[in-house]
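Beneath this line is the structure, given in structure tokens, with notes to follow.
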Amino acid sequence: KRRSSKRLPPGSLGIPIIGQSFDLLQAFQANTAEKWLEERIRKYGPISKLSLFGKPTVFIHGPAANKFVFTSDISTIADQQMKSVQMILGDRNLLELSGKDHKRVRGALLSFLKLESLKQYVGKIDEEMRKHLEMHWQGKEKVVVLPLMKTLTFDIICTLLFGLERGTRRDKFVDCFQEMLQGMLTVPVNLPFTRYNRGLRASAKAQNMVKDLIYEKRVELEQKGGSPHQDLITYLLSIRGQDNEVITEKEIVHNILFVMVAGYDTTSVLITFIVRLLANDPAVYAAVLQEQEEIAKNKNSGEFLTWEDLAKMKYTWRVAMETLRMFPPVFGGFRRVLKDIEYGGYLIPKGWQILWVASMTHMENSIFPEPSKFDPTRFENQASVPPHCYIPFGGGPHMCPGNEFARIETLVAIHYLVTRFTWKLCYTDNFFSRDPMPKPTQGLPVYIVPKKPL
Ligand code: HEM
């Protein structure tokens, strides 16, 4: 009865199951998703209904909408991934959990990713970056940046979080992850030869591989007295028996897959877009180079970067923040509505989903003046950015716990790239498509020239 007194938002739910999914996917490919949404706003107003990836959806945007999505009570709004993502990454991954379960698993992950632990990783990340340059950049005249940065961030995650060394086993994981990622943004109808179907099969394979790793690490931990802190899997196994910290094997498997995807695909995009920007913007490039050379100058050759060095990379990090504003790797996300709620005078019924989109506030003139201008000085005084408007890492209880980790990887990578190489873009069109991660033309091929021997 209560329902009838409120209206559903305007808009059409489209064709059953499919709804507007293909329209949005097409817009992602053409990099017109923001325009597509603006078109909706013009047609239906700030709040509208549509149907995406099998579910009735309400699209809302703006600072108040972000606040609503990120700070609503967990009994009202829970996180929600598309069915395809949930099926491929597993239903016990962090984004699927809420309330106590979410707190417990997230707490375990955060205690591994906390700042004191991260400080110890700087040297190891530095080592991975140098190995990467030796293997993939040195001696080359042309490289393709995006796939290489994916390799780099995947290697870092594998070494640091999973204790998985280079070799055929790691390569098998890479293949599985490619298939899984391809299957994630699809309409979840499991027919043979579809991307979704291949994604599901790759996920089953990867889950078995993680189970084998868990077995080995458990033996190492219990019989050989290995340190719990050597990698994330061992750490999660080690806290299993403790009071209130029981984390099931399934949760470990699903979250390991999830952290791998969440951790490497995103950061690689950020580094790639910074590389592109530095090639296009001589003033920003000069300022970044100066900051990084200042740091390099004070180091002996072979000496790793330290936490203190990273703290000095203030300008470079602002460049990264501005890159995240204009090219957020994560376009947005979904939330699940757990009970009938009202927003902006409309009813959002229980069981529907809400779509939030980062760029809608990132590119809003009233929040970031001249939004299309790349200007790292916007972040000189971070307090001046209004709350709930800058959301490349999301917000609220599900906010990205890997943001500091991403910061370290990005700063280390940019340090070595600008101090060791110069580069020029092979394509200067500045286009990118989304799948749904942003991808510049051809993955950003560049001509490179080394500055000095590694
Ligand atoms: C530039 C790099 C990154 C970006 C832009 C990014 C972005 C995001 C965003 C937007 C969310 C929130 C999703 C939502 O609320 O629906 C998120 C969640 C998450 N991210 Fe990241 N991320 C990055 C790097 C990382 C890294 C390096 C890791 C791991 C080492 C990581 C692990 C996670 C996890 C585990 C969650 C889920 C948290 C939860 O549900 O409680 N991310 N990330």
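Ligands are numbered from 1 in the order shown, chains are lettered A, B, ... in the order of the structure tokens, and residues start at 1 in each chain.
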
Considering only C-alpha atoms, return as a ChimeraX atom specification whatever protein or nucleic-acid residues lie within 9 Å of stretch 416-432 of chain A, sequence-local ones (same chain, fewer than 2 positions apart) excluded. /A:29-31,126,129-130,133,142,275-276,279-280,285,288-289,292-293,296,411-414,434,438-454

Got time to write the residues from that selection, N, CA and C atoms, as a CSV table (one decimal), in the first residue's frame?
```
chain,number,residue,atom,x,y,z
A,29,GLN,N,32.4,1.0,-25.4
A,29,GLN,CA,33.4,0.8,-26.5
A,29,GLN,C,33.7,2.0,-27.3
A,30,ALA,N,32.7,2.9,-27.4
A,30,ALA,CA,32.9,4.1,-28.2
A,30,ALA,C,33.4,5.2,-27.3
A,31,ASN,N,33.5,4.9,-26.0
A,31,ASN,CA,33.9,5.9,-25.0
A,31,ASN,C,32.8,7.1,-25.0
A,126,ASP,N,60.1,-2.0,-5.9
A,126,ASP,CA,61.2,-1.4,-6.7
A,126,ASP,C,61.9,-2.5,-7.4
A,129,MET,N,59.9,-3.7,-10.4
A,129,MET,CA,59.9,-2.7,-11.5
A,129,MET,C,61.2,-2.7,-12.3
A,130,ARG,N,62.3,-2.8,-11.6
A,130,ARG,CA,63.6,-2.9,-12.3
A,130,ARG,C,63.7,-4.1,-13.1
A,133,LEU,N,61.7,-3.6,-16.2
A,133,LEU,CA,62.3,-2.8,-17.2
A,133,LEU,C,63.4,-3.5,-18.0
A,142,LYS,N,60.4,0.2,-29.3
A,142,LYS,CA,58.9,0.5,-29.2
A,142,LYS,C,58.3,-0.5,-28.2
A,275,VAL,N,51.4,7.8,-18.2
A,275,VAL,CA,52.4,7.8,-19.3
A,275,VAL,C,52.0,8.6,-20.5
A,276,ARG,N,50.7,8.4,-20.9
A,276,ARG,CA,50.2,9.1,-22.0
A,276,ARG,C,50.1,10.6,-21.8
A,279,ALA,N,53.4,12.3,-22.0
A,279,ALA,CA,53.9,12.5,-23.4
A,279,ALA,C,53.2,13.7,-24.0
A,280,ASN,N,52.0,14.0,-23.5
A,280,ASN,CA,51.2,15.1,-24.2
A,280,ASN,C,51.4,16.4,-23.5
A,285,TYR,N,55.2,17.2,-17.5
A,285,TYR,CA,56.3,16.2,-17.6
A,285,TYR,C,57.5,16.8,-16.9
A,288,VAL,N,57.3,16.7,-13.1
A,288,VAL,CA,57.4,15.4,-12.6
A,288,VAL,C,58.9,15.0,-12.7
A,289,LEU,N,59.5,15.2,-13.8
A,289,LEU,CA,60.9,14.8,-14.0
A,289,LEU,C,61.8,15.5,-13.0
A,292,GLN,N,61.4,13.8,-9.6
A,292,GLN,CA,61.9,12.5,-9.6
A,292,GLN,C,63.5,12.5,-9.7
A,293,GLU,N,64.0,13.4,-10.5
A,293,GLU,CA,65.5,13.4,-10.6
A,293,GLU,C,66.1,13.9,-9.3
A,296,ALA,N,66.3,10.7,-7.4
A,296,ALA,CA,67.3,9.8,-8.0
A,296,ALA,C,68.7,10.2,-7.7
A,411,LEU,N,53.9,5.3,-8.0
A,411,LEU,CA,55.0,6.2,-7.8
A,411,LEU,C,56.3,5.6,-8.2
A,412,VAL,N,56.5,4.3,-7.7
A,412,VAL,CA,57.7,3.6,-8.1
A,412,VAL,C,57.8,3.5,-9.6
A,413,ALA,N,56.7,3.1,-10.2
A,413,ALA,CA,56.8,2.9,-11.7
A,413,ALA,C,57.1,4.2,-12.4
A,414,ILE,N,56.4,5.3,-12.0
A,414,ILE,CA,56.7,6.6,-12.7
A,414,ILE,C,58.1,7.0,-12.5
A,434,ARG,N,36.3,1.6,-23.4
A,434,ARG,CA,36.2,0.9,-22.1
A,434,ARG,C,35.8,-0.5,-22.4
A,438,PRO,N,39.4,1.4,-19.0
A,438,PRO,CA,39.8,2.3,-20.1
A,438,PRO,C,41.0,1.7,-20.9
A,439,LYS,N,41.0,1.8,-22.2
A,439,LYS,CA,42.1,1.2,-23.0
A,439,LYS,C,42.4,2.2,-24.1
A,440,PRO,N,43.6,2.8,-24.1
A,440,PRO,CA,43.9,3.8,-25.2
A,440,PRO,C,44.1,3.0,-26.5
A,441,THR,N,44.0,3.7,-27.6
A,441,THR,CA,44.2,3.1,-28.9
A,441,THR,C,45.4,2.1,-29.0
A,442,GLN,N,45.1,0.9,-29.4
A,442,GLN,CA,46.1,-0.1,-29.5
A,442,GLN,C,46.9,-0.4,-28.2
A,443,GLY,N,46.3,0.0,-27.1
A,443,GLY,CA,47.0,-0.3,-25.8
A,443,GLY,C,48.2,0.7,-25.5
A,444,LEU,N,48.3,1.8,-26.3
A,444,LEU,CA,49.3,2.8,-26.1
A,444,LEU,C,50.7,2.4,-26.5
A,445,PRO,N,50.9,2.1,-27.8
A,445,PRO,CA,52.3,1.9,-28.2
A,445,PRO,C,53.1,3.2,-28.2
A,446,VAL,N,54.4,3.1,-27.7
A,446,VAL,CA,55.3,4.3,-27.6
A,446,VAL,C,56.7,4.0,-28.2
A,447,TYR,N,57.3,4.9,-28.8
A,447,TYR,CA,58.7,4.8,-29.1
A,447,TYR,C,59.5,5.2,-27.9
A,448,ILE,N,60.5,4.4,-27.6
A,448,ILE,CA,61.3,4.8,-26.3
A,448,ILE,C,62.8,4.9,-26.6
A,449,VAL,N,63.4,5.7,-25.8
A,449,VAL,CA,64.9,5.9,-25.9
A,449,VAL,C,65.4,5.9,-24.4
A,450,PRO,N,66.4,5.0,-24.2
A,450,PRO,CA,66.9,4.9,-22.8
A,450,PRO,C,67.7,6.2,-22.5
A,451,LYS,N,67.7,6.6,-21.2
A,451,LYS,CA,68.4,7.8,-20.8
A,451,LYS,C,69.8,7.5,-20.4
A,452,LYS,N,69.9,6.4,-19.6
A,452,LYS,CA,71.2,5.9,-19.1
A,452,LYS,C,71.1,4.4,-18.9
A,453,PRO,N,72.2,3.7,-18.8
A,453,PRO,CA,72.1,2.3,-18.6
A,453,PRO,C,71.4,2.0,-17.2
A,454,LEU,N,70.7,0.8,-17.2
A,454,LEU,CA,70.0,0.5,-15.9
A,454,LEU,C,70.9,0.1,-14.9
```

Env of stretch 317-330 of chain A: 7 Å cut, atoms = only C-alpha atoms, seq-sep filter 4 positions within chain, self excluded. Answer as a PyMOL selection string. chain A and resi 266+269-270+273-274+313+362+374-376+379+390+392+437-438

Residue selection dump (N, CA and C atoms) as a PDB file, in the first residue's frame:
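Now in again_2.pdb:
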```
ATOM      1  N   THR A 266      43.251  -2.333 -12.323  1.00  0.00           N
ATOM      2  CA  THR A 266      43.023  -0.909 -12.075  1.00  0.00           C
ATOM      3  C   THR A 266      44.308  -0.079 -12.112  1.00  0.00           C
ATOM      4  N   VAL A 269      45.966   0.609 -15.442  1.00  0.00           N
ATOM      5  CA  VAL A 269      45.306   1.644 -16.236  1.00  0.00           C
ATOM      6  C   VAL A 269      45.781   3.025 -15.778  1.00  0.00           C
ATOM      7  N   LEU A 270      45.857   3.210 -14.476  1.00  0.00           N
ATOM      8  CA  LEU A 270      46.314   4.506 -13.957  1.00  0.00           C
ATOM      9  C   LEU A 270      47.720   4.835 -14.476  1.00  0.00           C
ATOM     10  N   PHE A 273      47.731   5.743 -18.220  1.00  0.00           N
ATOM     11  CA  PHE A 273      47.202   7.071 -18.539  1.00  0.00           C
ATOM     12  C   PHE A 273      48.159   8.178 -18.094  1.00  0.00           C
ATOM     13  N   ILE A 274      48.929   7.924 -17.031  1.00  0.00           N
ATOM     14  CA  ILE A 274      49.938   8.925 -16.651  1.00  0.00           C
ATOM     15  C   ILE A 274      51.026   8.982 -17.732  1.00  0.00           C
ATOM     16  N   MET A 313      57.332  12.557  -3.204  1.00  0.00           N
ATOM     17  CA  MET A 313      56.786  12.611  -4.580  1.00  0.00           C
ATOM     18  C   MET A 313      55.395  13.254  -4.598  1.00  0.00           C
ATOM     19  N   HIS A 362      33.189  13.918 -11.102  1.00  0.00           N
ATOM     20  CA  HIS A 362      34.566  14.311 -11.440  1.00  0.00           C
ATOM     21  C   HIS A 362      34.601  15.365 -12.549  1.00  0.00           C
ATOM     22  N   PHE A 374      43.515  19.439 -17.619  1.00  0.00           N
ATOM     23  CA  PHE A 374      44.330  18.646 -16.700  1.00  0.00           C
ATOM     24  C   PHE A 374      45.112  19.594 -15.802  1.00  0.00           C
ATOM     25  N   ASP A 375      44.799  19.588 -14.521  1.00  0.00           N
ATOM     26  CA  ASP A 375      45.414  20.559 -13.624  1.00  0.00           C
ATOM     27  C   ASP A 375      45.679  19.943 -12.244  1.00  0.00           C
ATOM     28  N   PRO A 376      46.917  19.421 -12.061  1.00  0.00           N
ATOM     29  CA  PRO A 376      47.229  18.742 -10.796  1.00  0.00           C
ATOM     30  C   PRO A 376      47.152  19.669  -9.584  1.00  0.00           C
ATOM     31  N   PHE A 379      44.699  19.577  -6.501  1.00  0.00           N
ATOM     32  CA  PHE A 379      44.811  18.736  -5.311  1.00  0.00           C
ATOM     33  C   PHE A 379      45.874  19.240  -4.336  1.00  0.00           C
ATOM     34  N   TYR A 390      34.938  13.363  -5.176  1.00  0.00           N
ATOM     35  CA  TYR A 390      36.113  12.746  -5.814  1.00  0.00           C
ATOM     36  C   TYR A 390      36.132  11.288  -5.355  1.00  0.00           C
ATOM     37  N   PRO A 392      37.379   8.142  -7.098  1.00  0.00           N
ATOM     38  CA  PRO A 392      37.988   7.084  -7.919  1.00  0.00           C
ATOM     39  C   PRO A 392      38.164   5.782  -7.143  1.00  0.00           C
ATOM     40  N   MET A 437      37.338  -1.435 -18.431  1.00  0.00           N
ATOM     41  CA  MET A 437      38.513  -0.640 -18.045  1.00  0.00           C
ATOM     42  C   MET A 437      38.942   0.203 -19.238  1.00  0.00           C
ATOM     43  N   PRO A 438      39.375   1.434 -19.009  1.00  0.00           N
ATOM     44  CA  PRO A 438      39.801   2.275 -20.134  1.00  0.00           C
ATOM     45  C   PRO A 438      41.003   1.669 -20.860  1.00  0.00           C
TER      46      PRO A 438
END
```

Residues within 7 Å of ligand 1, counting only C-alpha atoms and all ligand atoms: report them as a PDB file with C-alpha atoms, in the first residue's frame.
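Dumped everything to pocket-v1.pdb:
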```
ATOM      1  CA  ASP A  79      27.034  -3.801  -2.445  1.00  0.00           C
ATOM      2  CA  LEU A  94      34.264  -8.841  -0.447  1.00  0.00           C
ATOM      3  CA  LEU A  95      31.964  -6.875  -2.688  1.00  0.00           C
ATOM      4  CA  HIS A 102      32.099  -8.086   5.317  1.00  0.00           C
ATOM      5  CA  ARG A 106      37.765  -6.908   5.100  1.00  0.00           C
ATOM      6  CA  PHE A 258      39.015 -10.862  -6.302  1.00  0.00           C
ATOM      7  CA  VAL A 259      42.077  -9.064  -4.919  1.00  0.00           C
ATOM      8  CA  MET A 260      44.089 -10.148  -7.937  1.00  0.00           C
ATOM      9  CA  ALA A 262      40.864  -5.559  -8.206  1.00  0.00           C
ATOM     10  CA  GLY A 263      44.561  -4.980  -7.668  1.00  0.00           C
ATOM     11  CA  TYR A 264      46.207  -5.326 -11.030  1.00  0.00           C
ATOM     12  CA  THR A 266      43.023  -0.909 -12.075  1.00  0.00           C
ATOM     13  CA  THR A 267      46.547   0.260 -11.217  1.00  0.00           C
ATOM     14  CA  LEU A 270      46.314   4.506 -13.957  1.00  0.00           C
ATOM     15  CA  LEU A 324      42.170   9.380 -11.658  1.00  0.00           C
ATOM     16  CA  PRO A 328      38.795   6.863 -13.418  1.00  0.00           C
ATOM     17  CA  PRO A 329      39.684   3.201 -14.064  1.00  0.00           C
ATOM     18  CA  VAL A 330      36.489   2.126 -12.290  1.00  0.00           C
ATOM     19  CA  GLY A 332      31.136   3.202 -11.325  1.00  0.00           C
ATOM     20  CA  GLY A 333      29.293   0.358  -9.717  1.00  0.00           C
ATOM     21  CA  PHE A 334      26.070  -1.086  -8.482  1.00  0.00           C
ATOM     22  CA  ILE A 391      35.474   9.024  -5.784  1.00  0.00           C
ATOM     23  CA  PRO A 392      37.988   7.084  -7.919  1.00  0.00           C
ATOM     24  CA  PHE A 393      38.388   4.679  -5.008  1.00  0.00           C
ATOM     25  CA  GLY A 394      34.668   4.592  -4.156  1.00  0.00           C
ATOM     26  CA  GLY A 395      33.553   5.497  -0.655  1.00  0.00           C
ATOM     27  CA  PRO A 397      32.404   0.735   3.944  1.00  0.00           C
ATOM     28  CA  HIS A 398      33.504  -0.720   0.586  1.00  0.00           C
ATOM     29  CA  MET A 399      36.015   1.982  -0.240  1.00  0.00           C
ATOM     30  CA  CYS A 400      39.111   0.582  -1.893  1.00  0.00           C
ATOM     31  CA  PRO A 401      41.478  -0.848   0.762  1.00  0.00           C
ATOM     32  CA  GLY A 402      44.217  -1.067  -1.880  1.00  0.00           C
ATOM     33  CA  ASN A 403      44.568   2.684  -2.512  1.00  0.00           C
ATOM     34  CA  PHE A 405      49.213  -0.059  -2.312  1.00  0.00           C
ATOM     35  CA  ALA A 406      48.240   1.424  -5.683  1.00  0.00           C
TER      36      ALA A 406
END
```

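Comparing the minimum interatomic distances between A:Asp340 and each of A:Thr361, A:Arg7, A:Thr316, A:Leu110, counting only C-alpha atoms, we find that A:Arg7 sits nearest.
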
When you count only C-alpha atoms, which of these residues is closest to A:Asn93: A:Thr248, A:Ser359, A:Asn255, A:Ser372? A:Asn255

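Of the listed residues (A:Asp265, A:Glu342, A:Glu141, A:Asp231), A:Asp265 comes nearest to A:Asp435; the distances count only C-alpha atoms.
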
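Taking atom CA of A:Lys103 and atom CA of A:Gly62 as the two end points, the separation is 27.5 Å.
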
All alpha helix (DSSP H) residues (DSSP, backbone) inside stretch 232-395 of chain A, as a VMD selection string: chain A and resid 232 to 238 249 to 280 282 to 297 307 to 311 314 to 326 359 to 362

Based on the selection just made, write C-alpha atoms of those residues as a PDB file, in the first residue's frame.
```pdb
ATOM      1  CA  LEU A 232      48.350 -12.868   1.913  1.00  0.00           C
ATOM      2  CA  ILE A 233      47.283 -16.509   1.552  1.00  0.00           C
ATOM      3  CA  THR A 234      49.537 -17.621   4.410  1.00  0.00           C
ATOM      4  CA  TYR A 235      48.352 -14.693   6.486  1.00  0.00           C
ATOM      5  CA  LEU A 236      44.680 -15.540   5.944  1.00  0.00           C
ATOM      6  CA  LEU A 237      45.382 -19.183   6.795  1.00  0.00           C
ATOM      7  CA  SER A 238      47.206 -18.184   9.945  1.00  0.00           C
ATOM      8  CA  GLU A 249      38.491 -21.776   2.607  1.00  0.00           C
ATOM      9  CA  LYS A 250      35.864 -20.652   0.129  1.00  0.00           C
ATOM     10  CA  GLU A 251      36.236 -17.068   1.365  1.00  0.00           C
ATOM     11  CA  ILE A 252      39.991 -17.278   0.956  1.00  0.00           C
ATOM     12  CA  VAL A 253      39.674 -18.617  -2.606  1.00  0.00           C
ATOM     13  CA  HIS A 254      37.070 -16.073  -3.697  1.00  0.00           C
ATOM     14  CA  ASN A 255      38.885 -13.139  -2.160  1.00  0.00           C
ATOM     15  CA  ILE A 256      42.248 -14.127  -3.550  1.00  0.00           C
ATOM     16  CA  LEU A 257      40.738 -14.111  -7.051  1.00  0.00           C
ATOM     17  CA  PHE A 258      39.015 -10.862  -6.302  1.00  0.00           C
ATOM     18  CA  VAL A 259      42.077  -9.064  -4.919  1.00  0.00           C
ATOM     19  CA  MET A 260      44.089 -10.148  -7.937  1.00  0.00           C
ATOM     20  CA  VAL A 261      41.560  -8.651 -10.317  1.00  0.00           C
ATOM     21  CA  ALA A 262      40.864  -5.559  -8.206  1.00  0.00           C
ATOM     22  CA  GLY A 263      44.561  -4.980  -7.668  1.00  0.00           C
ATOM     23  CA  TYR A 264      46.207  -5.326 -11.030  1.00  0.00           C
ATOM     24  CA  ASP A 265      43.721  -4.293 -13.657  1.00  0.00           C
ATOM     25  CA  THR A 266      43.023  -0.909 -12.075  1.00  0.00           C
ATOM     26  CA  THR A 267      46.547   0.260 -11.217  1.00  0.00           C
ATOM     27  CA  SER A 268      47.870  -0.674 -14.656  1.00  0.00           C
ATOM     28  CA  VAL A 269      45.306   1.644 -16.236  1.00  0.00           C
ATOM     29  CA  LEU A 270      46.314   4.506 -13.957  1.00  0.00           C
ATOM     30  CA  ILE A 271      50.023   4.149 -14.789  1.00  0.00           C
ATOM     31  CA  THR A 272      49.258   3.876 -18.527  1.00  0.00           C
ATOM     32  CA  PHE A 273      47.202   7.071 -18.539  1.00  0.00           C
ATOM     33  CA  ILE A 274      49.938   8.925 -16.651  1.00  0.00           C
ATOM     34  CA  VAL A 275      52.450   7.767 -19.290  1.00  0.00           C
ATOM     35  CA  ARG A 276      50.152   9.110 -22.009  1.00  0.00           C
ATOM     36  CA  LEU A 277      49.591  12.379 -20.208  1.00  0.00           C
ATOM     37  CA  LEU A 278      53.325  12.934 -19.664  1.00  0.00           C
ATOM     38  CA  ALA A 279      53.889  12.496 -23.395  1.00  0.00           C
ATOM     39  CA  ASN A 280      51.203  15.066 -24.161  1.00  0.00           C
ATOM     40  CA  PRO A 282      55.452  19.098 -21.502  1.00  0.00           C
ATOM     41  CA  ALA A 283      54.887  21.346 -18.464  1.00  0.00           C
ATOM     42  CA  VAL A 284      53.562  18.545 -16.275  1.00  0.00           C
ATOM     43  CA  TYR A 285      56.282  16.230 -17.594  1.00  0.00           C
ATOM     44  CA  ALA A 286      59.028  18.741 -16.695  1.00  0.00           C
ATOM     45  CA  ALA A 287      57.693  19.149 -13.157  1.00  0.00           C
ATOM     46  CA  VAL A 288      57.404  15.386 -12.585  1.00  0.00           C
ATOM     47  CA  LEU A 289      60.877  14.817 -14.019  1.00  0.00           C
ATOM     48  CA  GLN A 290      62.390  17.464 -11.782  1.00  0.00           C
ATOM     49  CA  GLU A 291      60.808  15.971  -8.671  1.00  0.00           C
ATOM     50  CA  GLN A 292      61.939  12.455  -9.570  1.00  0.00           C
ATOM     51  CA  GLU A 293      65.466  13.436 -10.583  1.00  0.00           C
ATOM     52  CA  GLU A 294      65.885  15.207  -7.292  1.00  0.00           C
ATOM     53  CA  ILE A 295      65.188  11.897  -5.571  1.00  0.00           C
ATOM     54  CA  ALA A 296      67.290   9.801  -7.973  1.00  0.00           C
ATOM     55  CA  LYS A 297      70.249  12.143  -7.499  1.00  0.00           C
ATOM     56  CA  TRP A 307      59.002   5.060   2.046  1.00  0.00           C
ATOM     57  CA  GLU A 308      60.629   8.434   2.737  1.00  0.00           C
ATOM     58  CA  ASP A 309      61.407   8.877  -0.959  1.00  0.00           C
ATOM     59  CA  LEU A 310      57.765   8.241  -1.831  1.00  0.00           C
ATOM     60  CA  ALA A 311      56.679  10.870   0.679  1.00  0.00           C
ATOM     61  CA  LYS A 314      53.997  15.041  -3.813  1.00  0.00           C
ATOM     62  CA  TYR A 315      53.622  16.590  -7.247  1.00  0.00           C
ATOM     63  CA  THR A 316      53.754  13.214  -9.002  1.00  0.00           C
ATOM     64  CA  TRP A 317      50.959  11.932  -6.782  1.00  0.00           C
ATOM     65  CA  ARG A 318      48.845  14.992  -7.597  1.00  0.00           C
ATOM     66  CA  VAL A 319      49.329  14.174 -11.254  1.00  0.00           C
ATOM     67  CA  ALA A 320      48.088  10.668 -10.477  1.00  0.00           C
ATOM     68  CA  MET A 321      45.078  12.056  -8.597  1.00  0.00           C
ATOM     69  CA  GLU A 322      44.187  14.332 -11.479  1.00  0.00           C
ATOM     70  CA  THR A 323      44.545  11.370 -13.862  1.00  0.00           C
ATOM     71  CA  LEU A 324      42.170   9.380 -11.658  1.00  0.00           C
ATOM     72  CA  ARG A 325      39.723  12.284 -11.762  1.00  0.00           C
ATOM     73  CA  MET A 326      39.656  12.547 -15.545  1.00  0.00           C
ATOM     74  CA  SER A 359      32.876  10.710 -13.686  1.00  0.00           C
ATOM     75  CA  MET A 360      29.514  12.385 -13.169  1.00  0.00           C
ATOM     76  CA  THR A 361      30.941  14.388 -10.259  1.00  0.00           C
ATOM     77  CA  HIS A 362      34.566  14.311 -11.440  1.00  0.00           C
TER      78      HIS A 362
END
```

Using the chain letters and numbers from this document, which residues of stretch 278-438 of chain A does DSSP assign to strand (DSSP E), as a PyMOL selection string? chain A and resi 332-337+341-343+346-348+353-357+421-425+432-434+438

Can you write out the residues you just picked, keeping C-alpha atoms, as a PDB file, in the first residue's frame?
```pdb
ATOM      1  CA  GLY A 332      31.136   3.202 -11.325  1.00  0.00           C
ATOM      2  CA  GLY A 333      29.293   0.358  -9.717  1.00  0.00           C
ATOM      3  CA  PHE A 334      26.070  -1.086  -8.482  1.00  0.00           C
ATOM      4  CA  ARG A 335      24.382  -1.306  -5.116  1.00  0.00           C
ATOM      5  CA  ARG A 336      21.543  -3.623  -4.191  1.00  0.00           C
ATOM      6  CA  VAL A 337      18.440  -2.173  -2.534  1.00  0.00           C
ATOM      7  CA  ILE A 341      13.509   3.276  -0.158  1.00  0.00           C
ATOM      8  CA  GLU A 342      12.741   6.773  -1.229  1.00  0.00           C
ATOM      9  CA  TYR A 343      15.245   8.972  -3.002  1.00  0.00           C
ATOM     10  CA  TYR A 346      10.830   8.555  -6.024  1.00  0.00           C
ATOM     11  CA  LEU A 347      10.452   4.996  -4.900  1.00  0.00           C
ATOM     12  CA  ILE A 348      13.337   2.586  -5.421  1.00  0.00           C
ATOM     13  CA  GLN A 353      19.873  -1.979  -8.080  1.00  0.00           C
ATOM     14  CA  ILE A 354      21.363   1.519  -8.001  1.00  0.00           C
ATOM     15  CA  LEU A 355      24.031   2.621 -10.482  1.00  0.00           C
ATOM     16  CA  TRP A 356      26.640   5.151  -9.334  1.00  0.00           C
ATOM     17  CA  VAL A 357      29.140   6.708 -11.753  1.00  0.00           C
ATOM     18  CA  PHE A 421      63.490   6.577 -20.498  1.00  0.00           C
ATOM     19  CA  THR A 422      61.974   9.174 -22.740  1.00  0.00           C
ATOM     20  CA  TRP A 423      59.024   8.237 -24.895  1.00  0.00           C
ATOM     21  CA  LYS A 424      56.861   9.445 -27.744  1.00  0.00           C
ATOM     22  CA  LEU A 425      53.350   8.275 -28.577  1.00  0.00           C
ATOM     23  CA  PHE A 432      40.251   5.288 -25.421  1.00  0.00           C
ATOM     24  CA  SER A 433      37.498   2.730 -25.189  1.00  0.00           C
ATOM     25  CA  ARG A 434      36.246   0.884 -22.134  1.00  0.00           C
ATOM     26  CA  PRO A 438      39.801   2.275 -20.134  1.00  0.00           C
TER      27      PRO A 438
END
```

For stretch 204-209 of chain A, please output as a PDB file with N, CA and C atoms, in the first residue's frame all residues within 9 Å (counting only C-alpha atoms; exclusion window: fewer than 5 positions along the same chain).
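Below is the file that was written, result_5.pdb:
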```pdb
ATOM      1  N   ILE A  88      31.701 -15.243 -11.648  1.00  0.00           N
ATOM      2  CA  ILE A  88      33.083 -15.517 -12.053  1.00  0.00           C
ATOM      3  C   ILE A  88      34.058 -15.334 -10.892  1.00  0.00           C
ATOM      4  N   ARG A 169      53.533 -21.648 -13.758  1.00  0.00           N
ATOM      5  CA  ARG A 169      52.332 -21.624 -12.936  1.00  0.00           C
ATOM      6  C   ARG A 169      51.704 -20.227 -12.951  1.00  0.00           C
ATOM      7  N   LYS A 172      50.017 -19.538 -16.218  1.00  0.00           N
ATOM      8  CA  LYS A 172      48.686 -20.149 -16.327  1.00  0.00           C
ATOM      9  C   LYS A 172      47.639 -19.259 -15.674  1.00  0.00           C
ATOM     10  N   PHE A 173      48.012 -18.661 -14.548  1.00  0.00           N
ATOM     11  CA  PHE A 173      47.086 -17.736 -13.868  1.00  0.00           C
ATOM     12  C   PHE A 173      46.733 -16.559 -14.775  1.00  0.00           C
ATOM     13  N   CYS A 176      44.144 -17.501 -17.273  1.00  0.00           N
ATOM     14  CA  CYS A 176      42.818 -17.616 -16.650  1.00  0.00           C
ATOM     15  C   CYS A 176      42.227 -16.237 -16.394  1.00  0.00           C
ATOM     16  N   PHE A 177      43.059 -15.326 -15.909  1.00  0.00           N
ATOM     17  CA  PHE A 177      42.530 -14.005 -15.559  1.00  0.00           C
ATOM     18  C   PHE A 177      42.051 -13.239 -16.791  1.00  0.00           C
ATOM     19  N   GLY A 199      34.569 -17.438 -19.331  1.00  0.00           N
ATOM     20  CA  GLY A 199      34.955 -16.824 -18.058  1.00  0.00           C
ATOM     21  C   GLY A 199      34.682 -17.757 -16.888  1.00  0.00           C
ATOM     22  N   ILE A 214      46.824 -22.967  -1.542  1.00  0.00           N
ATOM     23  CA  ILE A 214      46.436 -22.949  -0.130  1.00  0.00           C
ATOM     24  C   ILE A 214      46.978 -24.195   0.565  1.00  0.00           C
ATOM     25  N   VAL A 253      39.563 -18.427  -1.150  1.00  0.00           N
ATOM     26  CA  VAL A 253      39.674 -18.617  -2.606  1.00  0.00           C
ATOM     27  C   VAL A 253      39.016 -17.445  -3.348  1.00  0.00           C
ATOM     28  N   HIS A 254      37.785 -17.129  -2.973  1.00  0.00           N
ATOM     29  CA  HIS A 254      37.070 -16.073  -3.697  1.00  0.00           C
ATOM     30  C   HIS A 254      37.742 -14.708  -3.540  1.00  0.00           C
ATOM     31  N   LEU A 257      41.040 -14.427  -5.647  1.00  0.00           N
ATOM     32  CA  LEU A 257      40.738 -14.111  -7.051  1.00  0.00           C
ATOM     33  C   LEU A 257      40.339 -12.643  -7.176  1.00  0.00           C
TER      34      LEU A 257
END
```
